[in-house]
Amino acid sequence: MKTQTKSKKLNKAWLNNHVSDPYVQQAQKEGYRSRAAYKLKEIDEELKLIRPGQVVVDLGATPGAWSQYLRRRFAPMEAGRGGAAVGQLNGTIIALDLLEFEPIEGVQFIQGDFQDEAIYAQLEAALAGRPVDVVVSDMAPNMSGIASTDAARISNLVELAVDFAGQHLKPEGALVAKVFHGSGYNELVALFRERFKVVKAVKPKASRIRSSENFLVGIGLKNR
């Protein structure tokens, strides 16, 4: 009973913090599906990565807040309430996730595991040989609670995103990938420095303070 009571208190505290979170409130007001939109927005505003006319791949896209932000950037004159612009889209957005994705006008969605060769082939087919300007990855594994296992799973997803970027980005293109401080983090930073000319670690204000979440940004491929 004591454990259940403690759990209920923690859940209630989390819910209260979530509801009162200014980014949650702002997302609801502006029609974004989650507060995560503001993480990408902050990164983009700092580094000027997203521009109309680009080809962007959104990995780990569900529930779609990052794709919504991209959609707005590609049709700024049409942006309004609803979290995504409507009408003419100046650019290409291909989103991928293991989970279902509520459709966004103009966003091509592929459902499946990025680690699955058949799904990877679908993504390459959707690109139809076009080079990619920006890859954004909010992918994260289901956590087991075992630190070493979780670190390995996180690193694997980031490495896959880096490999995809290396094969499909334009020479001056960029990769934004979610990572976590802890075991394996320094190795991921080293991987980015090996593959990209410019590497930045960004902790957006919209990322919860207590979270070990961080974002690595690589700009400009080396050896291209």
# chains A, B, ... in the order shown; residues from 1 in each chain; ligands from 1
call {"tool": "select_by_dssp", "arguments": {"residues": "stretch 2-221 of chain A", "states": "alpha helix (DSSP H)", "output": "PyMOL selection string"}}
result
chain A and resi 2-20+22-30+37-47+65-74+117-127+147-168+185-195
call {"tool": "closest_atom_pairs", "arguments": {"of": "stretch 111-173 of chain A", "to": "stretch 200-223 of chain A", "cutoff": "10 Å", "atoms": "only C-alpha atoms", "output": "JSON lines"}}
result
{"residue": "A:Val134", "atom": "CA", "partner": "A:Ile219", "partner_atom": "CA", "distance": 9.1}
{"residue": "A:Val135", "atom": "CA", "partner": "A:Gly218", "partner_atom": "CA", "distance": 9.9}
{"residue": "A:Val136", "atom": "CA", "partner": "A:Val217", "partner_atom": "CA", "distance": 9.2}
{"residue": "A:Ser137", "atom": "CA", "partner": "A:Phe215", "partner_atom": "CA", "distance": 9.3}
{"residue": "A:Asp138", "atom": "CA", "partner": "A:Phe215", "partner_atom": "CA", "distance": 9.0}
{"residue": "A:Val158", "atom": "CA", "partner": "A:Leu216", "partner_atom": "CA", "distance": 9.6}
{"residue": "A:Val162", "atom": "CA", "partner": "A:Gly218", "partner_atom": "CA", "distance": 9.1}
{"residue": "A:Ala165", "atom": "CA", "partner": "A:Leu221", "partner_atom": "CA", "distance": 8.7}
{"residue": "A:Gly166", "atom": "CA", "partner": "A:Leu221", "partner_atom": "CA", "distance": 7.0}
{"residue": "A:Gln167", "atom": "CA", "partner": "A:Leu221", "partner_atom": "CA", "distance": 9.9}
{"residue": "A:Leu169", "atom": "CA", "partner": "A:Leu221", "partner_atom": "CA", "distance": 7.8}
{"residue": "A:Lys170", "atom": "CA", "partner": "A:Leu221", "partner_atom": "CA", "distance": 7.9}
{"residue": "A:Pro171", "atom": "CA", "partner": "A:Leu221", "partner_atom": "CA", "distance": 5.2}
{"residue": "A:Glu172", "atom": "CA", "partner": "A:Gly220", "partner_atom": "CA", "distance": 4.1}
{"residue": "A:Gly173", "atom": "CA", "partner": "A:Gly220", "partner_atom": "CA", "distance": 5.4}
call {"tool": "closest_atom_pairs", "arguments": {"of": "stretch 50-155 of chain A", "to": "stretch 174-195 of chain A", "cutoff": "12 Å", "atoms": "only C-alpha atoms", "output": "JSON lines"}}
result
{"residue": "A:Ile50", "atom": "CA", "partner": "A:Ala174", "partner_atom": "CA", "distance": 9.5}
{"residue": "A:Gln54", "atom": "CA", "partner": "A:Ala174", "partner_atom": "CA", "distance": 11.5}
{"residue": "A:Val55", "atom": "CA", "partner": "A:Ala174", "partner_atom": "CA", "distance": 11.3}
{"residue": "A:Val56", "atom": "CA", "partner": "A:Ala174", "partner_atom": "CA", "distance": 9.7}
{"residue": "A:Val57", "atom": "CA", "partner": "A:Leu175", "partner_atom": "CA", "distance": 9.6}
{"residue": "A:Asp58", "atom": "CA", "partner": "A:Val176", "partner_atom": "CA", "distance": 9.7}
{"residue": "A:Leu59", "atom": "CA", "partner": "A:Ala177", "partner_atom": "CA", "distance": 9.1}
{"residue": "A:Gly60", "atom": "CA", "partner": "A:Lys178", "partner_atom": "CA", "distance": 10.0}
{"residue": "A:Trp66", "atom": "CA", "partner": "A:Val176", "partner_atom": "CA", "distance": 11.5}
{"residue": "A:Pro131", "atom": "CA", "partner": "A:Ala174", "partner_atom": "CA", "distance": 11.7}
{"residue": "A:Val132", "atom": "CA", "partner": "A:Ala174", "partner_atom": "CA", "distance": 8.8}
{"residue": "A:Asp133", "atom": "CA", "partner": "A:Ala174", "partner_atom": "CA", "distance": 6.6}
{"residue": "A:Val134", "atom": "CA", "partner": "A:Ala174", "partner_atom": "CA", "distance": 4.8}
{"residue": "A:Val135", "atom": "CA", "partner": "A:Leu175", "partner_atom": "CA", "distance": 4.8}
{"residue": "A:Val136", "atom": "CA", "partner": "A:Val176", "partner_atom": "CA", "distance": 4.7}
{"residue": "A:Ser137", "atom": "CA", "partner": "A:Ala177", "partner_atom": "CA", "distance": 4.6}
{"residue": "A:Asp138", "atom": "CA", "partner": "A:Lys178", "partner_atom": "CA", "distance": 5.3}
{"residue": "A:Met139", "atom": "CA", "partner": "A:Lys178", "partner_atom": "CA", "distance": 6.8}
{"residue": "A:Ala140", "atom": "CA", "partner": "A:Lys178", "partner_atom": "CA", "distance": 7.6}
{"residue": "A:Pro141", "atom": "CA", "partner": "A:Val179", "partner_atom": "CA", "distance": 10.9}
{"residue": "A:Ile146", "atom": "CA", "partner": "A:Ser183", "partner_atom": "CA", "distance": 11.6}
{"residue": "A:Ala147", "atom": "CA", "partner": "A:Ser183", "partner_atom": "CA", "distance": 7.9}
{"residue": "A:Ser148", "atom": "CA", "partner": "A:Ser183", "partner_atom": "CA", "distance": 7.3}
{"residue": "A:Thr149", "atom": "CA", "partner": "A:Ser183", "partner_atom": "CA", "distance": 10.0}
{"residue": "A:Asp150", "atom": "CA", "partner": "A:Ser183", "partner_atom": "CA", "distance": 9.2}
{"residue": "A:Ala151", "atom": "CA", "partner": "A:Ser183", "partner_atom": "CA", "distance": 5.9}
{"residue": "A:Ala152", "atom": "CA", "partner": "A:Gly184", "partner_atom": "CA", "distance": 7.4}
{"residue": "A:Arg153", "atom": "CA", "partner": "A:Gly184", "partner_atom": "CA", "distance": 10.1}
{"residue": "A:Ile154", "atom": "CA", "partner": "A:Val179", "partner_atom": "CA", "distance": 7.1}
{"residue": "A:Ser155", "atom": "CA", "partner": "A:Gly184", "partner_atom": "CA", "distance": 6.7}
call {"tool": "write_last_selection", "arguments": {"atoms": "C-alpha atoms", "output": "compact mmCIF listing (two decimals), in the first residue's frame"}}
result
# COMPACT_ATOMS: atom_id res chain seq x y z
CA ILE A 50 16.16 24.76 -41.95
CA GLN A 54 15.13 21.67 -48.65
CA VAL A 55 14.81 17.90 -48.40
CA VAL A 56 14.59 16.89 -44.73
CA VAL A 57 14.33 13.43 -43.17
CA ASP A 58 12.70 13.22 -39.71
CA LEU A 59 13.70 10.03 -37.89
CA GLY A 60 11.74 9.02 -34.79
CA TRP A 66 9.27 18.15 -35.37
CA PRO A 131 20.44 14.32 -51.68
CA VAL A 132 19.25 15.37 -48.22
CA ASP A 133 19.82 18.82 -46.75
CA VAL A 134 19.08 18.00 -43.11
CA VAL A 135 18.48 14.83 -41.10
CA VAL A 136 16.80 15.29 -37.72
CA SER A 137 16.69 12.35 -35.34
CA ASP A 138 14.65 12.24 -32.15
CA MET A 139 14.98 8.46 -32.01
CA ALA A 140 15.26 6.83 -28.60
CA PRO A 141 15.00 3.17 -27.62
CA ILE A 146 19.92 -1.47 -17.24
CA ALA A 147 22.44 1.31 -17.82
CA SER A 148 24.87 -0.60 -20.02
CA THR A 149 22.08 -2.03 -22.19
CA ASP A 150 20.34 1.31 -22.60
CA ALA A 151 23.60 3.10 -23.45
CA ALA A 152 24.33 0.53 -26.14
CA ARG A 153 20.83 0.88 -27.63
CA ILE A 154 21.06 4.68 -27.66
CA SER A 155 24.50 4.61 -29.28
call {"tool": "residues_around", "arguments": {"residues": "A:Ile119", "least_positions_apart": "4", "cutoff": "12 Å", "atoms": "only C-alpha atoms", "output": "list in words"}}
result
Leu59, Ala95, Leu96, Asp97, Leu98, Phe109, Ile110, Gln111, Gly112, Asp113, Phe114, Gln115, Leu123, Glu124, Ala125 and Ala126 of chain A
call {"tool": "atom_distance", "arguments": {"atom1": "atom CA of A:Leu40", "atom2": "atom CA of A:Tyr120"}}
result
23.7 Å
call {"tool": "closest_residue", "arguments": {"among": "A:Leu160, A:Ala37, A:Ser67, A:Glu30", "to": "A:Asp116", "atoms": "only C-alpha atoms"}}
result
A:Leu160
call {"tool": "closest_residue", "arguments": {"among": "A:Ala65, A:Ile43, A:Val198, A:Leu49", "to": "A:Gln28", "atoms": "only C-alpha atoms"}}
result
A:Ala65
call {"tool": "atom_distance", "arguments": {"atom1": "atom CA of A:Asn90", "atom2": "atom CA of A:Ala75"}}
result
6.2 Å
call {"tool": "atom_distance", "arguments": {"atom1": "atom CA of A:Glu102", "atom2": "atom CA of A:Pro63"}}
result
7.2 Å
call {"tool": "residues_around", "arguments": {"residues": "stretch 69-71 of chain A", "least_positions_apart": "6", "cutoff": "12 Å", "atoms": "only C-alpha atoms", "output": "short mmCIF file (atom, residue, chain, number, x, y, z; two decimals) with C-alpha atoms, in the first residue's frame"}}
result
data_model
loop_
_atom_site.label_atom_id
_atom_site.label_comp_id
_atom_site.auth_asym_id
_atom_site.auth_seq_id
_atom_site.Cartn_x
_atom_site.Cartn_y
_atom_site.Cartn_z
CA ALA A 27 2.46 23.88 -27.60
CA GLU A 30 0.14 27.05 -30.99
CA GLY A 31 -1.20 23.65 -32.00
CA TYR A 32 1.96 21.57 -31.76
CA ARG A 33 1.55 17.93 -30.84
CA SER A 34 4.23 18.10 -28.16
CA ARG A 35 6.64 20.48 -26.48
CA ALA A 36 9.46 18.83 -28.45
CA ALA A 37 8.79 21.26 -31.31
CA TYR A 38 10.52 24.00 -29.35
CA LYS A 39 13.70 21.94 -28.98
CA LEU A 40 14.14 21.80 -32.73
CA LYS A 41 13.01 25.42 -33.04
CA GLU A 42 15.74 26.58 -30.63
CA ILE A 43 18.41 24.54 -32.41
CA ASP A 44 17.29 25.86 -35.79
CA GLU A 45 17.15 29.47 -34.64
CA LEU A 49 19.67 24.85 -40.45
CA ILE A 50 16.16 24.76 -41.95
CA ARG A 51 15.21 26.72 -45.07
CA PRO A 52 12.36 26.48 -47.59
CA GLY A 53 13.08 24.23 -50.55
CA GLN A 54 15.13 21.67 -48.65
CA VAL A 55 14.81 17.90 -48.40
CA VAL A 56 14.59 16.89 -44.73
CA VAL A 57 14.33 13.43 -43.17
CA ASP A 58 12.70 13.22 -39.71
CA ALA A 61 9.03 11.41 -35.92
CA MET A 77 3.41 32.62 -45.00
CA GLU A 78 0.75 29.96 -44.50
CA ALA A 79 1.63 29.06 -40.90
CA GLY A 80 -1.02 29.44 -38.29
CA ARG A 81 -2.88 27.65 -35.56
CA GLY A 82 -2.75 23.89 -35.92
CA GLY A 83 0.97 23.35 -35.55
CA ALA A 84 1.56 22.99 -39.27
CA ALA A 85 1.05 25.24 -42.23
CA VAL A 86 -1.45 24.31 -44.88
CA GLY A 87 -1.42 24.72 -48.62
CA GLN A 88 1.67 24.99 -50.79
CA LEU A 89 4.73 23.25 -49.39
CA ASN A 90 8.13 24.52 -50.53
CA GLY A 91 10.29 21.56 -49.61
CA THR A 92 10.21 17.82 -48.92
CA ILE A 93 9.67 16.18 -45.52
CA ILE A 94 9.97 12.41 -45.13
CA ALA A 95 9.12 11.17 -41.64
CA ILE A 104 0.38 16.01 -41.65
CA GLU A 105 -0.41 17.59 -45.00
CA GLY A 106 2.54 17.28 -47.34
CA VAL A 107 4.61 15.04 -45.04
CA GLN A 108 5.40 11.59 -46.39
CA VAL A 134 19.08 18.00 -43.11
CA VAL A 135 18.48 14.83 -41.10
CA VAL A 136 16.80 15.29 -37.72
#
call {"tool": "select_by_dssp", "arguments": {"residues": "stretch 106-172 of chain A", "states": "strand (DSSP E)", "output": "PyMOL selection string"}}
result
chain A and resi 107-111+132-137+169-172
call {"tool": "write_last_selection", "arguments": {"atoms": "N, CA and C atoms", "output": "PDB file, in the first residue's frame"}}
result
ATOM      1  N   VAL A 107       3.531  15.830 -45.648  1.00  0.00           N
ATOM      2  CA  VAL A 107       4.606  15.044 -45.040  1.00  0.00           C
ATOM      3  C   VAL A 107       4.428  13.576 -45.418  1.00  0.00           C
ATOM      4  N   GLN A 108       5.436  13.005 -46.032  1.00  0.00           N
ATOM      5  CA  GLN A 108       5.396  11.586 -46.388  1.00  0.00           C
ATOM      6  C   GLN A 108       5.875  10.764 -45.200  1.00  0.00           C
ATOM      7  N   PHE A 109       5.039   9.821 -44.751  1.00  0.00           N
ATOM      8  CA  PHE A 109       5.378   9.043 -43.556  1.00  0.00           C
ATOM      9  C   PHE A 109       5.600   7.579 -43.894  1.00  0.00           C
ATOM     10  N   ILE A 110       6.641   7.016 -43.304  1.00  0.00           N
ATOM     11  CA  ILE A 110       6.945   5.590 -43.427  1.00  0.00           C
ATOM     12  C   ILE A 110       6.924   4.995 -42.029  1.00  0.00           C
ATOM     13  N   GLN A 111       6.089   3.981 -41.814  1.00  0.00           N
ATOM     14  CA  GLN A 111       6.029   3.350 -40.497  1.00  0.00           C
ATOM     15  C   GLN A 111       6.857   2.071 -40.489  1.00  0.00           C
ATOM     16  N   VAL A 132      19.991  14.815 -49.364  1.00  0.00           N
ATOM     17  CA  VAL A 132      19.248  15.371 -48.218  1.00  0.00           C
ATOM     18  C   VAL A 132      19.989  16.586 -47.667  1.00  0.00           C
ATOM     19  N   ASP A 133      19.233  17.622 -47.349  1.00  0.00           N
ATOM     20  CA  ASP A 133      19.825  18.825 -46.750  1.00  0.00           C
ATOM     21  C   ASP A 133      20.035  18.675 -45.250  1.00  0.00           C
ATOM     22  N   VAL A 134      19.026  18.129 -44.573  1.00  0.00           N
ATOM     23  CA  VAL A 134      19.083  17.996 -43.114  1.00  0.00           C
ATOM     24  C   VAL A 134      18.428  16.683 -42.690  1.00  0.00           C
ATOM     25  N   VAL A 135      19.079  15.977 -41.770  1.00  0.00           N
ATOM     26  CA  VAL A 135      18.479  14.827 -41.098  1.00  0.00           C
ATOM     27  C   VAL A 135      18.282  15.211 -39.637  1.00  0.00           C
ATOM     28  N   VAL A 136      17.063  15.045 -39.138  1.00  0.00           N
ATOM     29  CA  VAL A 136      16.800  15.294 -37.717  1.00  0.00           C
ATOM     30  C   VAL A 136      16.373  13.975 -37.093  1.00  0.00           C
ATOM     31  N   SER A 137      16.967  13.634 -35.978  1.00  0.00           N
ATOM     32  CA  SER A 137      16.687  12.351 -35.340  1.00  0.00           C
ATOM     33  C   SER A 137      16.340  12.540 -33.865  1.00  0.00           C
ATOM     34  N   LEU A 169      23.416  12.800 -47.074  1.00  0.00           N
ATOM     35  CA  LEU A 169      23.470  14.252 -46.939  1.00  0.00           C
ATOM     36  C   LEU A 169      24.235  14.900 -48.083  1.00  0.00           C
ATOM     37  N   LYS A 170      23.837  16.123 -48.404  1.00  0.00           N
ATOM     38  CA  LYS A 170      24.660  16.966 -49.264  1.00  0.00           C
ATOM     39  C   LYS A 170      25.966  17.253 -48.518  1.00  0.00           C
ATOM     40  N   PRO A 171      27.039  17.571 -49.224  1.00  0.00           N
ATOM     41  CA  PRO A 171      28.316  17.821 -48.549  1.00  0.00           C
ATOM     42  C   PRO A 171      28.224  18.856 -47.433  1.00  0.00           C
ATOM     43  N   GLU A 172      27.372  19.874 -47.620  1.00  0.00           N
ATOM     44  CA  GLU A 172      27.237  20.922 -46.606  1.00  0.00           C
ATOM     45  C   GLU A 172      26.045  20.683 -45.680  1.00  0.00           C
TER      46      GLU A 172
END
call {"tool": "residues_around", "arguments": {"residues": "A:Thr62", "least_positions_apart": "6", "cutoff": "7 Å", "atoms": "only C-alpha atoms", "output": "mmCIF file with C-alpha atoms, in the first residue's frame"}}
result
data_model
loop_
_atom_site.group_PDB
_atom_site.id
_atom_site.type_symbol
_atom_site.label_atom_id
_atom_site.label_comp_id
_atom_site.auth_asym_id
_atom_site.auth_seq_id
_atom_site.Cartn_x
_atom_site.Cartn_y
_atom_site.Cartn_z
ATOM 1 C CA ASP A 97 8.823 6.041 -36.950
ATOM 2 C CA LEU A 99 4.774 4.025 -34.074
ATOM 3 C CA GLU A 100 1.694 5.311 -35.855
ATOM 4 C CA PHE A 101 1.754 8.907 -37.054
#
